Amino acid sequence: MKNKFTLIATAAMGLESIVAKEVKALGYEDVLVENGKVIYETDSLGIARSNLWLRTADRVKLLVGEFDARTYDELFEKTKALPWEKYIPEDGEFPVIGKSHKSTLYSVPDCQSIVKKAIVERLKQKHGVARWLKETGALHRIEVALLKDKVTLTLDTSGSGLHKRGYRVGQGEAPLKETLAAALVQLTNWTPDKTFYDIFCGSGTIPIEAALIGQNIAPGFNREFAFENWDFIPSTVHEQALEEAEDMANYDQPLDIYGTDISHKLIGIAKENAMEAGLGDLVTWKQMQATDFHTKETGGYIVSNPPYGERLGDRKEVESMYRELGKALQQYPTWSVYILTANEEFEKLFGKEASKKRKLFNGFIRTDYYQYFGTR
Ligand SMILES: C[S@@+](CC[C@H](N)C(=O)[O-])C[C@H]1O[C@@H](n2cnc3c(N)ncnc32)[C@H](O)[C@@H]1O
C-alpha cells in the first residue's frame with residue numbers, strides 16, 4: 001500500500017463492533033477493536049472513504065506515534081523524535097488537545113504544552129524557521145492521549161465530529177446523535193424493502209439515517225473534513241471518494257419510511273432536516289400520538305427513542321404511556337419493535353420480555369436497546 005497510514009476510528013462505548021463492521025465493509029479487513037476505538041491501515045483514499053462513509057464512528061484519527069512516557073522529558077523527546085514535518089507544513093495550525101487516564105503524567109494541560117513545545121521545536125528545525133511558526137494555515141488538530149503511561153499521538157482527519165452530517169437545521173429537546181441513530185438502524189434486520197416507522201421521531205434523526213442507509217447515501221456527502229486542506233493528502237482523493245459515493249448511491253431504491261411524533265412543531269423541524277439532507281419527500285412525516293399506531297401491513301419495523309421519564313413529574317406519565325404502547329404494538333406480532341430507553345422497568349411496563357437487549361450509551365445516559373423480533 002502506497003502512503004500507508006494507521007487510522008483510529010473512535011466510537012462511543014458499546015458501538016465499537018458496529019464501527020468495525022463498517023470499516024470492514026469499506027474493504028479494510030484487518031481491524032483491531034479496542035475500548036472506544038477501531039484501528040486499521042489504509043492509504044490516503046482510505047482516509048477520505050472512512051470520513052465519508054462511517055455512519056457510527058465519532059471521528060477518524062491518524063496515528064502519528066505511540067510510546068511509553070513517565071516523565072515530561074521522555075514525553076518531550078519521544079514526541080520530538082516523530083516526523084511531524086511530514087504532516088504539518090511551515091504555516092500549519094496545530095492546537096493540541098489531551099486526555100490522561102491512569103498515568104504518571106496526569107496533568108493534561110502540562111502534557112499538552114510539552115507536546116506543543118516538542119512539535120514546535122521539531123518543525124522549526126525541519127522547516128528551517130528561525131523565529132516563530134505563524135500557524136496561519138490549515139488546521140491539524142493534535143491529540144495527546146495517555147493511558148496507563150502509554151502515549152498515543154494522533155491527528156484529527158475529520159474536523160467537526162462525524163455526527164455532524166450537515167442536515168440538522170433544527171432540533172428538539174433531546175435529539176439523538178446521528179451516529180447513534182445510524183447504529184440503532186444497523187442493529188436491526190431491517191432491509192430497505194420493509195416498512196420502517198419511528199413513532200417518537202422528534203427532529204427526525206432515526207428516519208433520516210434509515211433513509212440514507214436505505215439508499216446507500218454516504219453520510220458525509222454534504223460536509224467538509226479537515227484532511228481536505230492537508231498538503232500530504234493528494235487533493236484528488238476527496239474528489240475520487242465523492243465520485244465513488246455518487247456511483248454507489250441507489251437513489252432509485254423505493255423506501256417506505258415514516259416519522260411520527262406528538263409534537264406538530266417537531267414534525268415541522270423533521271421535515272426541514274430531511275429536506276436539508278437532500279431526501280425531499282422520501283420520508284413521510286405525520287403528527288400522531290404513538291399509542292394510536294395502526295397498520296394493515298405485516299413484517300414492518302419500529303425503531304424509536306421515546307422519552308425516558310427521567311425528570312421528576314414525567315415518570316408516571318411516561319410509564320403509563322409505555323403500558324399503552326405495549327397494548328397498541330402487541331396487536332402486530334409480525335412487526336419488529338426496537339426501543340431505546342433508560343427506563344429499567346420498560347419490559348414490565350410494555351408487558352413483554354425483549355427477544356434481545358443491548359446496553360448502549362445515549363451521551364452519558366446509560367440505556368438499553370430493547371429488541372422485539374417480529375414473527376415471520
Ligand atoms: C427523546 S425524544 C426523540 C428524539 C429524536 N430521536 C430526535 O433525534 O430528535 C422523544 C420524542 O417523543 C415525543 N413524544 C412524547 N410523548 C409522545 C407520545 N405519547 N406520542 C408520540 N410522541 C411522543 C416527543 O415530542 C419527543 O420528540
# chains A, B, ... in the order shown; residues from 1 in each chain; ligands from 1
$ residues_around --residues "Leu266 (chain A)" --least-positions-apart "5" --cutoff "12 Å" --atoms "only C-alpha atoms" --output "VMD selection string"
chain A and resid 169 to 175 200 to 205 259 to 261 271 to 273 285 to 288
$ select_by_dssp --residues "region 6-228 of chain A" --states "strand (DSSP E or B)" --output "PyMOL selection string"
chain A and resi 6-10+32-34+37-42+59-68+93+96-101+139+142-147+150-156+196-198
$ write_last_selection --atoms "N, CA and C atoms" --output "tab-separated table (two decimals), in the first residue's frame"
chain	number	residue	atom	x	y	z
A	6	THR	N	-1.97	4.51	9.65
A	6	THR	CA	-2.78	3.78	10.63
A	6	THR	C	-3.88	4.72	11.08
A	7	LEU	N	-5.12	4.29	10.92
A	7	LEU	CA	-6.25	5.13	11.33
A	7	LEU	C	-6.89	4.58	12.60
A	8	ILE	N	-7.43	5.50	13.38
A	8	ILE	CA	-8.19	5.11	14.57
A	8	ILE	C	-9.57	5.73	14.43
A	9	ALA	N	-10.57	4.89	14.18
A	9	ALA	CA	-11.95	5.39	14.14
A	9	ALA	C	-12.46	5.32	15.57
A	10	THR	N	-12.79	6.47	16.16
A	10	THR	CA	-13.23	6.44	17.56
A	10	THR	C	-14.74	6.17	17.60
A	32	LEU	N	-8.43	-3.91	14.37
A	32	LEU	CA	-8.21	-4.21	15.76
A	32	LEU	C	-9.25	-3.41	16.55
A	33	VAL	N	-10.01	-4.10	17.39
A	33	VAL	CA	-11.06	-3.41	18.14
A	33	VAL	C	-10.64	-3.26	19.59
A	34	GLU	N	-10.59	-2.03	20.07
A	34	GLU	CA	-10.28	-1.77	21.48
A	34	GLU	C	-11.40	-0.93	22.07
A	37	LYS	N	-12.34	2.40	20.32
A	37	LYS	CA	-11.69	2.63	19.02
A	37	LYS	C	-11.53	1.40	18.16
A	38	VAL	N	-11.42	1.66	16.86
A	38	VAL	CA	-11.19	0.62	15.87
A	38	VAL	C	-9.97	1.05	15.07
A	39	ILE	N	-8.95	0.18	15.03
A	39	ILE	CA	-7.67	0.56	14.43
A	39	ILE	C	-7.44	-0.25	13.16
A	40	TYR	N	-7.03	0.43	12.09
A	40	TYR	CA	-6.81	-0.27	10.82
A	40	TYR	C	-5.86	0.54	9.95
A	41	GLU	N	-5.38	-0.08	8.88
A	41	GLU	CA	-4.43	0.60	7.99
A	41	GLU	C	-5.08	0.92	6.66
A	42	THR	N	-4.75	2.09	6.13
A	42	THR	CA	-5.27	2.46	4.81
A	42	THR	C	-4.22	3.29	4.08
A	59	ARG	N	-15.07	10.04	15.09
A	59	ARG	CA	-14.03	10.75	14.34
A	59	ARG	C	-13.08	9.73	13.73
A	60	VAL	N	-12.33	10.17	12.75
A	60	VAL	CA	-11.26	9.34	12.21
A	60	VAL	C	-9.95	10.05	12.50
A	61	LYS	N	-9.08	9.39	13.28
A	61	LYS	CA	-7.80	9.99	13.65
A	61	LYS	C	-6.65	9.24	12.99
A	62	LEU	N	-5.60	9.97	12.68
A	62	LEU	CA	-4.43	9.34	12.07
A	62	LEU	C	-3.36	9.19	13.15
A	63	LEU	N	-2.86	7.98	13.28
A	63	LEU	CA	-1.85	7.73	14.32
A	63	LEU	C	-0.49	8.25	13.86
A	64	VAL	N	0.08	9.16	14.66
A	64	VAL	CA	1.41	9.69	14.33
A	64	VAL	C	2.48	8.90	15.09
A	65	GLY	N	2.20	8.54	16.32
A	65	GLY	CA	3.18	7.76	17.08
A	65	GLY	C	2.64	7.29	18.41
A	66	GLU	N	3.27	6.25	18.93
A	66	GLU	CA	2.89	5.68	20.24
A	66	GLU	C	4.15	5.34	21.00
A	67	PHE	N	4.18	5.62	22.27
A	67	PHE	CA	5.35	5.25	23.08
A	67	PHE	C	4.97	5.33	24.56
A	68	ASP	N	5.85	4.81	25.41
A	68	ASP	CA	5.63	4.92	26.85
A	68	ASP	C	6.33	6.16	27.36
A	93	GLU	N	-1.59	25.18	11.27
A	93	GLU	CA	-2.06	25.48	12.63
A	93	GLU	C	-2.17	24.13	13.35
A	96	VAL	N	-3.16	21.56	20.34
A	96	VAL	CA	-3.01	20.23	20.95
A	96	VAL	C	-4.06	20.06	22.04
A	97	ILE	N	-4.87	19.03	21.91
A	97	ILE	CA	-5.81	18.71	22.99
A	97	ILE	C	-5.29	17.45	23.68
A	98	GLY	N	-5.82	17.14	24.86
A	98	GLY	CA	-5.27	15.97	25.54
A	98	GLY	C	-6.23	15.30	26.49
A	99	LYS	N	-5.85	14.09	26.88
A	99	LYS	CA	-6.56	13.39	27.96
A	99	LYS	C	-5.57	12.43	28.61
A	100	SER	N	-5.78	12.16	29.90
A	100	SER	CA	-4.87	11.26	30.60
A	100	SER	C	-5.68	10.41	31.57
A	101	HIS	N	-5.39	9.13	31.57
A	101	HIS	CA	-6.13	8.20	32.41
A	101	HIS	C	-5.14	7.19	32.99
A	139	LEU	N	-5.75	23.69	9.49
A	139	LEU	CA	-5.84	23.16	10.86
A	139	LEU	C	-5.44	21.68	10.91
A	142	ILE	N	-4.14	18.14	16.94
A	142	ILE	CA	-3.38	17.02	17.50
A	142	ILE	C	-3.99	16.61	18.84
A	143	GLU	N	-3.98	15.31	19.10
A	143	GLU	CA	-4.42	14.85	20.42
A	143	GLU	C	-3.30	14.04	21.06
A	144	VAL	N	-3.02	14.37	22.34
A	144	VAL	CA	-2.12	13.52	23.11
A	144	VAL	C	-3.00	12.77	24.12
A	145	ALA	N	-3.00	11.45	24.00
A	145	ALA	CA	-3.83	10.64	24.90
A	145	ALA	C	-2.94	9.70	25.68
A	146	LEU	N	-3.03	9.79	27.02
A	146	LEU	CA	-2.23	8.88	27.86
A	146	LEU	C	-3.14	7.87	28.53
A	147	LEU	N	-2.76	6.62	28.43
A	147	LEU	CA	-3.50	5.57	29.11
A	147	LEU	C	-2.47	4.60	29.69
A	150	LYS	N	1.01	4.88	28.49
A	150	LYS	CA	1.24	4.76	27.05
A	150	LYS	C	0.68	6.03	26.38
A	151	VAL	N	1.55	6.66	25.59
A	151	VAL	CA	1.16	7.91	24.93
A	151	VAL	C	0.77	7.61	23.48
A	152	THR	N	-0.39	8.13	23.07
A	152	THR	CA	-0.81	7.99	21.67
A	152	THR	C	-0.98	9.38	21.10
A	153	LEU	N	-0.26	9.66	20.01
A	153	LEU	CA	-0.36	10.98	19.38
A	153	LEU	C	-1.06	10.83	18.04
A	154	THR	N	-2.14	11.61	17.88
A	154	THR	CA	-2.93	11.49	16.65
A	154	THR	C	-3.21	12.85	16.04
A	155	LEU	N	-3.58	12.81	14.74
A	155	LEU	CA	-4.06	13.99	14.03
A	155	LEU	C	-5.52	13.73	13.69
A	156	ASP	N	-6.37	14.69	13.94
A	156	ASP	CA	-7.80	14.51	13.68
A	156	ASP	C	-8.11	14.82	12.20
A	196	PHE	N	-40.78	1.02	7.60
A	196	PHE	CA	-39.98	1.46	8.76
A	196	PHE	C	-40.69	2.64	9.42
A	197	TYR	N	-40.88	2.57	10.71
A	197	TYR	CA	-41.51	3.66	11.47
A	197	TYR	C	-40.66	4.09	12.65
A	198	ASP	N	-40.56	5.40	12.87
A	198	ASP	CA	-40.14	5.90	14.18
A	198	ASP	C	-41.34	6.68	14.71
$ closest_residue --among "A:Gly36, A:Gly166, A:Gly351, A:Pro306" --to "Ile339 (chain A)" --atoms "only C-alpha atoms"
A:Pro306
$ select_by_dssp --residues "region 69-297 of chain A" --states "helix (DSSP H, G or I)" --output "VMD selection string"
chain A and resid 72 to 80 84 to 86 108 to 127 178 to 186 205 to 214 226 to 229 236 to 248 264 to 276 290 to 292
$ write_last_selection --atoms "C-alpha atoms" --output "JSON list (two decimals), in the first residue's frame"
[["chain", "number", "residue", "atom", "x", "y", "z"],
["A", 72, "TYR", "CA", 7.98, 15.13, 30.94],
["A", 73, "ASP", "CA", 11.47, 14.76, 29.48],
["A", 74, "GLU", "CA", 10.52, 11.44, 27.96],
["A", 75, "LEU", "CA", 7.28, 12.88, 26.62],
["A", 76, "PHE", "CA", 9.18, 15.81, 25.08],
["A", 77, "GLU", "CA", 12.00, 13.80, 23.49],
["A", 78, "LYS", "CA", 9.82, 11.00, 22.14],
["A", 79, "THR", "CA", 7.29, 13.49, 20.72],
["A", 80, "LYS", "CA", 10.11, 15.47, 19.10],
["A", 84, "TRP", "CA", 5.82, 15.91, 12.30],
["A", 85, "GLU", "CA", 7.16, 17.78, 9.25],
["A", 86, "LYS", "CA", 5.68, 15.02, 7.07],
["A", 108, "VAL", "CA", -3.42, 17.26, 30.90],
["A", 109, "PRO", "CA", -2.52, 20.99, 30.43],
["A", 110, "ASP", "CA", 1.15, 20.18, 31.12],
["A", 111, "CYS", "CA", 1.15, 17.23, 28.70],
["A", 112, "GLN", "CA", -0.46, 19.43, 26.03],
["A", 113, "SER", "CA", 2.09, 22.20, 26.43],
["A", 114, "ILE", "CA", 5.07, 19.78, 26.45],
["A", 115, "VAL", "CA", 3.80, 18.14, 23.26],
["A", 116, "LYS", "CA", 3.22, 21.54, 21.68],
["A", 117, "LYS", "CA", 6.76, 22.68, 22.55],
["A", 118, "ALA", "CA", 8.30, 19.46, 21.21],
["A", 119, "ILE", "CA", 6.45, 19.76, 17.90],
["A", 120, "VAL", "CA", 7.32, 23.47, 17.58],
["A", 121, "GLU", "CA", 10.99, 22.65, 18.07],
["A", 122, "ARG", "CA", 10.91, 19.80, 15.55],
["A", 123, "LEU", "CA", 9.06, 21.84, 12.92],
["A", 124, "LYS", "CA", 11.34, 24.88, 13.32],
["A", 125, "GLN", "CA", 14.38, 22.67, 12.80],
["A", 126, "LYS", "CA", 12.97, 20.70, 9.88],
["A", 127, "HIS", "CA", 11.29, 23.63, 8.09],
["A", 178, "GLU", "CA", -26.81, 10.92, 14.22],
["A", 179, "THR", "CA", -24.09, 8.29, 14.83],
["A", 180, "LEU", "CA", -26.21, 6.55, 17.48],
["A", 181, "ALA", "CA", -29.35, 6.79, 15.32],
["A", 182, "ALA", "CA", -27.46, 5.09, 12.47],
["A", 183, "ALA", "CA", -26.29, 2.40, 14.90],
["A", 184, "LEU", "CA", -29.85, 1.76, 16.08],
["A", 185, "VAL", "CA", -30.92, 1.19, 12.47],
["A", 186, "GLN", "CA", -27.91, -1.01, 11.73],
["A", 205, "THR", "CA", -32.82, 11.67, 13.15],
["A", 206, "ILE", "CA", -33.69, 7.95, 13.04],
["A", 207, "PRO", "CA", -35.88, 8.05, 9.88],
["A", 208, "ILE", "CA", -33.33, 10.30, 8.13],
["A", 209, "GLU", "CA", -30.46, 7.94, 8.96],
["A", 210, "ALA", "CA", -32.60, 4.98, 7.85],
["A", 211, "ALA", "CA", -33.30, 6.70, 4.51],
["A", 212, "LEU", "CA", -29.58, 7.41, 4.00],
["A", 213, "ILE", "CA", -28.81, 3.76, 4.75],
["A", 214, "GLY", "CA", -31.73, 2.58, 2.58],
["A", 226, "ALA", "CA", -10.05, 18.65, 7.98],
["A", 227, "PHE", "CA", -7.95, 16.32, 5.76],
["A", 228, "GLU", "CA", -9.19, 18.12, 2.61],
["A", 229, "ASN", "CA", -6.84, 21.00, 3.43],
["A", 236, "THR", "CA", -7.74, 14.30, -5.73],
["A", 237, "VAL", "CA", -8.67, 11.71, -3.10],
["A", 238, "HIS", "CA", -11.68, 13.51, -1.68],
["A", 239, "GLU", "CA", -12.99, 14.08, -5.20],
["A", 240, "GLN", "CA", -12.42, 10.41, -6.01],
["A", 241, "ALA", "CA", -14.23, 9.25, -2.87],
["A", 242, "LEU", "CA", -17.14, 11.59, -3.63],
["A", 243, "GLU", "CA", -17.40, 10.22, -7.17],
["A", 244, "GLU", "CA", -17.37, 6.66, -5.85],
["A", 245, "ALA", "CA", -20.10, 7.60, -3.36],
["A", 246, "GLU", "CA", -22.20, 9.15, -6.10],
["A", 247, "ASP", "CA", -21.89, 5.93, -8.14],
["A", 248, "MET", "CA", -22.74, 3.76, -5.16],
["A", 264, "HIS", "CA", -46.55, 19.42, 15.40],
["A", 265, "LYS", "CA", -43.55, 21.68, 15.83],
["A", 266, "LEU", "CA", -41.06, 18.80, 15.77],
["A", 267, "ILE", "CA", -42.70, 17.27, 12.71],
["A", 268, "GLY", "CA", -42.07, 20.62, 11.00],
["A", 269, "ILE", "CA", -38.41, 20.52, 12.09],
["A", 270, "ALA", "CA", -38.02, 16.88, 10.97],
["A", 271, "LYS", "CA", -39.35, 17.83, 7.52],
["A", 272, "GLU", "CA", -36.84, 20.67, 7.26],
["A", 273, "ASN", "CA", -33.98, 18.41, 8.33],
["A", 274, "ALA", "CA", -34.97, 15.77, 5.74],
["A", 275, "MET", "CA", -35.06, 18.48, 3.03],
["A", 276, "GLU", "CA", -31.62, 19.65, 4.08],
["A", 290, "ALA", "CA", -47.58, 6.89, 19.38],
["A", 291, "THR", "CA", -50.22, 4.82, 21.11],
["A", 292, "ASP", "CA", -52.53, 5.45, 18.13]]
$ closest_residue --among "A:Ala81, A:Leu360, A:Ala342, A:Ala48" --to "ligand 1" --atoms "only C-alpha atoms and all ligand atoms"
A:Ala342
$ residues_around --residues "Tyr370 (chain A)" --least-positions-apart "2" --cutoff "10 Å" --atoms "only C-alpha atoms" --output "list in words"
Val303, Val337, Tyr338, Ile339, Leu340, Thr341, Phe346, Glu347, Glu353, Ala354, Ser355, Lys356, Lys357, Arg358, Lys359, Thr367, Asp368, Tyr372 and Phe373 of chain A
$ closest_residue --among "A:Ala138, A:Ala130, A:Thr298, A:Leu45" --to "Ser235 (chain A)" --atoms "only C-alpha atoms"
A:Leu45
$ atom_distance --atom1 "CA of Tyr258 (chain A)" --atom2 "CA of Thr195 (chain A)"
8.1 Å
$ atom_distance --atom1 "CA of Ser44 (chain A)" --atom2 "CA of Leu26 (chain A)"
13.6 Å
$ residues_around --residues "region 315-322 of chain A" --least-positions-apart "3" --cutoff "10 Å" --atoms "only C-alpha atoms" --output "compact mmCIF listing (two decimals) with C-alpha atoms, in the first residue's frame"
# COMPACT_ATOMS: atom_id res chain seq x y z
CA ALA A 290 -47.58 6.89 19.38
CA THR A 291 -50.22 4.82 21.11
CA PRO A 306 -39.21 7.60 23.33
CA PRO A 307 -39.00 9.96 26.31
CA TYR A 308 -37.33 8.20 29.27
CA GLY A 309 -39.35 9.90 32.01
CA GLU A 310 -36.21 10.84 33.91
CA ARG A 311 -37.40 14.22 35.06
CA LEU A 312 -39.38 14.26 38.26
CA LEU A 325 -47.73 1.40 23.86
CA GLY A 326 -47.32 -2.28 24.77
CA LYS A 327 -51.04 -2.85 24.26
CA ALA A 328 -51.03 -0.96 20.94
CA ASN A 343 -36.21 3.17 31.99
CA GLU A 345 -38.81 -1.16 34.03
CA PHE A 346 -39.52 -0.97 30.32
CA GLU A 347 -40.18 -4.66 29.67
CA LYS A 348 -42.54 -4.89 32.63
CA LEU A 349 -44.45 -1.79 31.58
CA PHE A 350 -44.53 -2.78 27.90
CA GLY A 351 -45.83 -6.17 29.01
$ atom_distance --atom1 "CA of Leu279 (chain A)" --atom2 "CA of Leu255 (chain A)"
10.9 Å
$ closest_residue --among "A:Ile365, A:Leu15, A:Ile262, A:Leu52" --to "ligand 1" --atoms "only C-alpha atoms and all ligand atoms"
A:Ile262
